[in-house]
Amino acid sequence: MVKIVWMPQAVEDLENISQYIGKDSPEFASMLIKKIFASVEILNQFPNMGRIVPEFENEALREIIIRNYRIIYQVKELSIEILTIFHGTHVGGLKRL
């Protein structure tokens with residue numbers, strides 16, 4: 001098992017997603033955030049389960065997709081860094097990396 005580390009950008013992204021969706025549906029926002037956390041926790045046991053981010057073709061840079069959101073993470077020797085989370089249609093999401 002490896003340690004999961006949430007990078008500041010990913011935490012900010014998660015807060016922004018929750019606030020944005022929560023304006024229309026606090027219940028759906030809560031469900032989505034819980035689903036994201038549950039999916040990230042699985043990485044603890046299966047760090048390479050996500051696909052390689054096609055834009056970078058780097059084995060260590062991977063993503064899982066929850067609904068329309070891309071969760072980008074980096075696999076390291078003893079940890080997984082959750083780097084950013086963004087809507088799949090948001091072209092600028094990977095520019096932060």
# chains A, B, ... in the order shown; residues from 1 in each chain; ligands from 1
$ select_by_dssp --residues "chain A" --states "strand (DSSP E)" --output "compact mmCIF listing (two decimals) with C-alpha atoms, in the first residue's frame"
# COMPACT_ATOMS: atom_id res chain seq x y z
CA LYS A 3 0.32 6.82 0.75
CA ILE A 4 -2.12 9.11 -1.06
CA VAL A 5 -1.11 12.77 -1.03
CA TRP A 6 -3.56 15.46 -2.14
CA ARG A 51 -4.90 4.93 -17.76
CA ILE A 52 -1.78 6.79 -18.81
CA LEU A 61 1.22 10.21 -14.91
CA ARG A 62 -2.20 8.57 -14.85
CA GLU A 63 -5.87 9.42 -14.66
CA ILE A 64 -9.16 8.02 -13.56
CA ILE A 65 -12.41 9.42 -14.86
CA ILE A 66 -15.42 9.89 -12.62
CA TYR A 69 -14.12 14.69 -14.30
CA ARG A 70 -10.53 13.69 -14.90
CA ILE A 71 -8.52 12.99 -11.76
CA ILE A 72 -4.86 13.28 -12.68
CA TYR A 73 -2.33 11.63 -10.40
CA GLN A 74 1.34 10.73 -10.36
CA VAL A 75 2.59 7.36 -9.19
CA SER A 79 3.10 7.60 -2.71
CA ILE A 80 0.45 8.68 -5.14
CA GLU A 81 0.11 12.42 -5.66
CA ILE A 82 -3.34 13.63 -6.68
CA LEU A 83 -2.35 16.56 -8.89
CA THR A 84 -5.51 18.08 -10.31
CA ILE A 85 -9.18 17.41 -11.02
CA PHE A 86 -11.03 19.07 -13.85
CA HIS A 87 -14.02 18.70 -16.12
$ residues_around --residues "Asn44 in chain A" --least-positions-apart "3" --cutoff "6 Å" --atoms "only C-alpha atoms" --output "ChimeraX atom specification"
/A:1-2,41,47
$ write_last_selection --atoms "N, CA and C atoms" --output "PDB file, in the first residue's frame"
ATOM      1  N   MET A   1       0.837  -1.190   0.000  1.00  0.00           N
ATOM      2  CA  MET A   1       0.000   0.000   0.000  1.00  0.00           C
ATOM      3  C   MET A   1       0.876   1.246   0.000  1.00  0.00           C
ATOM      4  N   VAL A   2       0.422   2.232  -0.729  1.00  0.00           N
ATOM      5  CA  VAL A   2       1.150   3.488  -0.805  1.00  0.00           C
ATOM      6  C   VAL A   2       0.325   4.597  -0.159  1.00  0.00           C
ATOM      7  N   GLU A  41      -9.260   6.395  -3.124  1.00  0.00           N
ATOM      8  CA  GLU A  41      -8.821   5.448  -2.097  1.00  0.00           C
ATOM      9  C   GLU A  41      -8.463   4.082  -2.690  1.00  0.00           C
ATOM     10  N   PRO A  47      -2.380   1.266  -7.602  1.00  0.00           N
ATOM     11  CA  PRO A  47      -1.928   2.578  -8.085  1.00  0.00           C
ATOM     12  C   PRO A  47      -1.867   2.723  -9.608  1.00  0.00           C
TER      13      PRO A  47
END
$ select_by_dssp --residues "chain A" --states "helix (DSSP H, G or I)" --output "PDB file with N, CA and C atoms, in the first residue's frame"
ATOM      1  N   PRO A   8      -2.069  20.694  -3.265  1.00  0.00           N
ATOM      2  CA  PRO A   8      -2.936  21.864  -3.069  1.00  0.00           C
ATOM      3  C   PRO A   8      -3.857  22.164  -4.250  1.00  0.00           C
ATOM      4  N   GLN A   9      -3.375  22.009  -5.466  1.00  0.00           N
ATOM      5  CA  GLN A   9      -4.209  22.291  -6.636  1.00  0.00           C
ATOM      6  C   GLN A   9      -5.414  21.356  -6.683  1.00  0.00           C
ATOM      7  N   ALA A  10      -5.220  20.089  -6.374  1.00  0.00           N
ATOM      8  CA  ALA A  10      -6.320  19.121  -6.398  1.00  0.00           C
ATOM      9  C   ALA A  10      -7.350  19.425  -5.313  1.00  0.00           C
ATOM     10  N   VAL A  11      -6.882  19.839  -4.144  1.00  0.00           N
ATOM     11  CA  VAL A  11      -7.798  20.207  -3.061  1.00  0.00           C
ATOM     12  C   VAL A  11      -8.640  21.411  -3.481  1.00  0.00           C
ATOM     13  N   GLU A  12      -7.985  22.399  -4.070  1.00  0.00           N
ATOM     14  CA  GLU A  12      -8.700  23.585  -4.557  1.00  0.00           C
ATOM     15  C   GLU A  12      -9.700  23.207  -5.647  1.00  0.00           C
ATOM     16  N   ASP A  13      -9.286  22.332  -6.559  1.00  0.00           N
ATOM     17  CA  ASP A  13     -10.180  21.886  -7.626  1.00  0.00           C
ATOM     18  C   ASP A  13     -11.418  21.214  -7.042  1.00  0.00           C
ATOM     19  N   LEU A  14     -11.206  20.357  -6.062  1.00  0.00           N
ATOM     20  CA  LEU A  14     -12.320  19.642  -5.438  1.00  0.00           C
ATOM     21  C   LEU A  14     -13.290  20.612  -4.763  1.00  0.00           C
ATOM     22  N   GLU A  15     -12.749  21.596  -4.077  1.00  0.00           N
ATOM     23  CA  GLU A  15     -13.599  22.600  -3.436  1.00  0.00           C
ATOM     24  C   GLU A  15     -14.401  23.383  -4.470  1.00  0.00           C
ATOM     25  N   ASN A  16     -13.751  23.759  -5.567  1.00  0.00           N
ATOM     26  CA  ASN A  16     -14.437  24.512  -6.623  1.00  0.00           C
ATOM     27  C   ASN A  16     -15.542  23.685  -7.281  1.00  0.00           C
ATOM     28  N   ILE A  17     -15.271  22.422  -7.524  1.00  0.00           N
ATOM     29  CA  ILE A  17     -16.275  21.531  -8.117  1.00  0.00           C
ATOM     30  C   ILE A  17     -17.472  21.418  -7.184  1.00  0.00           C
ATOM     31  N   SER A  18     -17.208  21.201  -5.908  1.00  0.00           N
ATOM     32  CA  SER A  18     -18.279  21.061  -4.926  1.00  0.00           C
ATOM     33  C   SER A  18     -19.132  22.326  -4.844  1.00  0.00           C
ATOM     34  N   GLN A  19     -18.492  23.474  -4.830  1.00  0.00           N
ATOM     35  CA  GLN A  19     -19.231  24.743  -4.757  1.00  0.00           C
ATOM     36  C   GLN A  19     -20.059  24.976  -6.018  1.00  0.00           C
ATOM     37  N   TYR A  20     -19.472  24.710  -7.162  1.00  0.00           N
ATOM     38  CA  TYR A  20     -20.156  24.952  -8.430  1.00  0.00           C
ATOM     39  C   TYR A  20     -21.396  24.064  -8.558  1.00  0.00           C
ATOM     40  N   ILE A  21     -21.222  22.772  -8.344  1.00  0.00           N
ATOM     41  CA  ILE A  21     -22.351  21.852  -8.453  1.00  0.00           C
ATOM     42  C   ILE A  21     -23.344  22.083  -7.324  1.00  0.00           C
ATOM     43  N   GLY A  22     -22.832  22.417  -6.152  1.00  0.00           N
ATOM     44  CA  GLY A  22     -23.678  22.635  -4.986  1.00  0.00           C
ATOM     45  C   GLY A  22     -24.655  23.779  -5.130  1.00  0.00           C
ATOM     46  N   LYS A  23     -24.376  24.714  -6.032  1.00  0.00           N
ATOM     47  CA  LYS A  23     -25.313  25.813  -6.272  1.00  0.00           C
ATOM     48  C   LYS A  23     -26.659  25.291  -6.756  1.00  0.00           C
ATOM     49  N   ASP A  24     -26.615  24.268  -7.602  1.00  0.00           N
ATOM     50  CA  ASP A  24     -27.842  23.691  -8.154  1.00  0.00           C
ATOM     51  C   ASP A  24     -28.341  22.491  -7.360  1.00  0.00           C
ATOM     52  N   PRO A  26     -26.940  20.524  -3.871  1.00  0.00           N
ATOM     53  CA  PRO A  26     -26.005  20.144  -2.805  1.00  0.00           C
ATOM     54  C   PRO A  26     -25.900  18.620  -2.637  1.00  0.00           C
ATOM     55  N   GLU A  27     -27.008  17.919  -2.855  1.00  0.00           N
ATOM     56  CA  GLU A  27     -26.992  16.463  -2.712  1.00  0.00           C
ATOM     57  C   GLU A  27     -26.111  15.808  -3.770  1.00  0.00           C
ATOM     58  N   PHE A  28     -26.245  16.260  -5.020  1.00  0.00           N
ATOM     59  CA  PHE A  28     -25.432  15.697  -6.097  1.00  0.00           C
ATOM     60  C   PHE A  28     -23.957  16.045  -5.884  1.00  0.00           C
ATOM     61  N   ALA A  29     -23.692  17.266  -5.444  1.00  0.00           N
ATOM     62  CA  ALA A  29     -22.310  17.672  -5.164  1.00  0.00           C
ATOM     63  C   ALA A  29     -21.698  16.756  -4.113  1.00  0.00           C
ATOM     64  N   SER A  30     -22.438  16.490  -3.058  1.00  0.00           N
ATOM     65  CA  SER A  30     -21.951  15.612  -1.991  1.00  0.00           C
ATOM     66  C   SER A  30     -21.705  14.198  -2.504  1.00  0.00           C
ATOM     67  N   MET A  31     -22.623  13.677  -3.318  1.00  0.00           N
ATOM     68  CA  MET A  31     -22.464  12.335  -3.887  1.00  0.00           C
ATOM     69  C   MET A  31     -21.228  12.256  -4.782  1.00  0.00           C
ATOM     70  N   LEU A  32     -21.022  13.275  -5.605  1.00  0.00           N
ATOM     71  CA  LEU A  32     -19.878  13.276  -6.519  1.00  0.00           C
ATOM     72  C   LEU A  32     -18.563  13.323  -5.743  1.00  0.00           C
ATOM     73  N   ILE A  33     -18.483  14.178  -4.741  1.00  0.00           N
ATOM     74  CA  ILE A  33     -17.254  14.291  -3.950  1.00  0.00           C
ATOM     75  C   ILE A  33     -16.959  12.964  -3.246  1.00  0.00           C
ATOM     76  N   LYS A  34     -17.985  12.340  -2.696  1.00  0.00           N
ATOM     77  CA  LYS A  34     -17.795  11.031  -2.045  1.00  0.00           C
ATOM     78  C   LYS A  34     -17.306   9.993  -3.048  1.00  0.00           C
ATOM     79  N   LYS A  35     -17.851  10.023  -4.259  1.00  0.00           N
ATOM     80  CA  LYS A  35     -17.438   9.071  -5.304  1.00  0.00           C
ATOM     81  C   LYS A  35     -15.977   9.312  -5.703  1.00  0.00           C
ATOM     82  N   ILE A  36     -15.590  10.572  -5.781  1.00  0.00           N
ATOM     83  CA  ILE A  36     -14.195  10.897  -6.114  1.00  0.00           C
ATOM     84  C   ILE A  36     -13.268  10.367  -5.023  1.00  0.00           C
ATOM     85  N   PHE A  37     -13.593  10.636  -3.760  1.00  0.00           N
ATOM     86  CA  PHE A  37     -12.756  10.151  -2.656  1.00  0.00           C
ATOM     87  C   PHE A  37     -12.672   8.624  -2.655  1.00  0.00           C
ATOM     88  N   ALA A  38     -13.792   7.959  -2.870  1.00  0.00           N
ATOM     89  CA  ALA A  38     -13.798   6.489  -2.884  1.00  0.00           C
ATOM     90  C   ALA A  38     -12.922   5.954  -4.014  1.00  0.00           C
ATOM     91  N   SER A  39     -12.992   6.577  -5.168  1.00  0.00           N
ATOM     92  CA  SER A  39     -12.186   6.145  -6.316  1.00  0.00           C
ATOM     93  C   SER A  39     -10.703   6.366  -6.067  1.00  0.00           C
ATOM     94  N   VAL A  40     -10.383   7.472  -5.440  1.00  0.00           N
ATOM     95  CA  VAL A  40      -8.975   7.759  -5.130  1.00  0.00           C
ATOM     96  C   VAL A  40      -8.451   6.766  -4.098  1.00  0.00           C
ATOM     97  N   GLU A  41      -9.260   6.395  -3.124  1.00  0.00           N
ATOM     98  CA  GLU A  41      -8.821   5.448  -2.097  1.00  0.00           C
ATOM     99  C   GLU A  41      -8.463   4.082  -2.690  1.00  0.00           C
ATOM    100  N   ILE A  42      -9.139   3.691  -3.757  1.00  0.00           N
ATOM    101  CA  ILE A  42      -8.820   2.416  -4.411  1.00  0.00           C
ATOM    102  C   ILE A  42      -7.396   2.432  -4.956  1.00  0.00           C
ATOM    103  N   VAL A  91     -10.312  22.397 -21.550  1.00  0.00           N
ATOM    104  CA  VAL A  91      -9.049  22.202 -22.276  1.00  0.00           C
ATOM    105  C   VAL A  91      -7.838  22.621 -21.447  1.00  0.00           C
ATOM    106  N   GLY A  92      -7.964  23.644 -20.630  1.00  0.00           N
ATOM    107  CA  GLY A  92      -6.817  24.169 -19.888  1.00  0.00           C
ATOM    108  C   GLY A  92      -6.444  23.376 -18.659  1.00  0.00           C
ATOM    109  N   GLY A  93      -7.167  22.325 -18.330  1.00  0.00           N
ATOM    110  CA  GLY A  93      -6.917  21.579 -17.111  1.00  0.00           C
ATOM    111  C   GLY A  93      -5.512  21.007 -16.990  1.00  0.00           C
ATOM    112  N   LEU A  94      -4.943  20.556 -18.079  1.00  0.00           N
ATOM    113  CA  LEU A  94      -3.606  19.952 -18.021  1.00  0.00           C
ATOM    114  C   LEU A  94      -2.492  20.982 -18.089  1.00  0.00           C
ATOM    115  N   LYS A  95      -2.792  22.203 -18.400  1.00  0.00           N
ATOM    116  CA  LYS A  95      -1.759  23.238 -18.470  1.00  0.00           C
ATOM    117  C   LYS A  95      -1.159  23.506 -17.104  1.00  0.00           C
ATOM    118  N   ARG A  96      -1.847  23.084 -16.049  1.00  0.00           N
ATOM    119  CA  ARG A  96      -1.356  23.305 -14.680  1.00  0.00           C
ATOM    120  C   ARG A  96      -0.220  22.368 -14.319  1.00  0.00           C
TER     121      ARG A  96
END
$ decode --residues "range 66-89 of chain A" --atoms "N, CA and C atoms" --output "CSV table (one decimal), in the first residue's frame"
chain,number,residue,atom,x,y,z
A,66,ILE,N,-14.2,10.0,-13.4
A,66,ILE,CA,-15.4,9.9,-12.6
A,66,ILE,C,-16.4,10.9,-13.2
A,67,ARG,N,-17.5,10.3,-13.7
A,67,ARG,CA,-18.5,11.1,-14.5
A,67,ARG,C,-17.8,11.8,-15.6
A,68,ASN,N,-17.8,13.2,-15.5
A,68,ASN,CA,-17.1,14.0,-16.6
A,68,ASN,C,-15.8,14.6,-16.0
A,69,TYR,N,-15.3,14.1,-14.9
A,69,TYR,CA,-14.1,14.7,-14.3
A,69,TYR,C,-12.9,13.8,-14.4
A,70,ARG,N,-11.8,14.4,-14.8
A,70,ARG,CA,-10.5,13.7,-14.9
A,70,ARG,C,-9.7,13.9,-13.6
A,71,ILE,N,-9.4,12.9,-13.0
A,71,ILE,CA,-8.5,13.0,-11.8
A,71,ILE,C,-7.1,12.6,-12.2
A,72,ILE,N,-6.2,13.5,-12.2
A,72,ILE,CA,-4.9,13.3,-12.7
A,72,ILE,C,-4.0,13.0,-11.5
A,73,TYR,N,-3.2,11.9,-11.5
A,73,TYR,CA,-2.3,11.6,-10.4
A,73,TYR,C,-1.0,11.1,-10.9
A,74,GLN,N,0.0,11.2,-10.0
A,74,GLN,CA,1.3,10.7,-10.4
A,74,GLN,C,1.7,9.6,-9.4
A,75,VAL,N,2.2,8.5,-10.0
A,75,VAL,CA,2.6,7.4,-9.2
A,75,VAL,C,4.1,7.5,-8.9
A,76,LYS,N,4.4,7.5,-7.6
A,76,LYS,CA,5.8,7.6,-7.1
A,76,LYS,C,6.0,6.3,-6.4
A,77,GLU,N,7.3,6.1,-5.9
A,77,GLU,CA,7.7,4.9,-5.3
A,77,GLU,C,6.9,4.6,-4.0
A,78,LEU,N,6.7,5.5,-3.2
A,78,LEU,CA,6.0,5.3,-1.9
A,78,LEU,C,4.7,6.1,-1.8
A,79,SER,N,4.3,6.8,-2.8
A,79,SER,CA,3.1,7.6,-2.7
A,79,SER,C,2.4,7.8,-4.1
A,80,ILE,N,1.2,8.3,-4.0
A,80,ILE,CA,0.5,8.7,-5.1
A,80,ILE,C,0.1,10.1,-4.9
A,81,GLU,N,0.4,11.0,-5.8
A,81,GLU,CA,0.1,12.4,-5.7
A,81,GLU,C,-1.1,12.7,-6.5
A,82,ILE,N,-2.2,13.2,-5.9
A,82,ILE,CA,-3.3,13.6,-6.7
A,82,ILE,C,-3.0,15.1,-7.1
A,83,LEU,N,-2.9,15.3,-8.4
A,83,LEU,CA,-2.3,16.6,-8.9
A,83,LEU,C,-3.4,17.6,-9.2
A,84,THR,N,-4.5,17.2,-9.9
A,84,THR,CA,-5.5,18.1,-10.3
A,84,THR,C,-6.8,17.3,-10.7
A,85,ILE,N,-7.9,18.0,-10.6
A,85,ILE,CA,-9.2,17.4,-11.0
A,85,ILE,C,-9.9,18.5,-11.8
A,86,PHE,N,-10.3,18.1,-13.0
A,86,PHE,CA,-11.0,19.1,-13.9
A,86,PHE,C,-12.0,18.4,-14.7
A,87,HIS,N,-13.0,19.2,-15.2
A,87,HIS,CA,-14.0,18.7,-16.1
A,87,HIS,C,-13.4,18.3,-17.4
A,88,GLY,N,-13.8,17.2,-17.9
A,88,GLY,CA,-13.1,16.6,-19.2
A,88,GLY,C,-13.2,17.5,-20.4
A,89,THR,N,-14.1,18.5,-20.4
A,89,THR,CA,-14.2,19.4,-21.5
A,89,THR,C,-13.4,20.6,-21.3
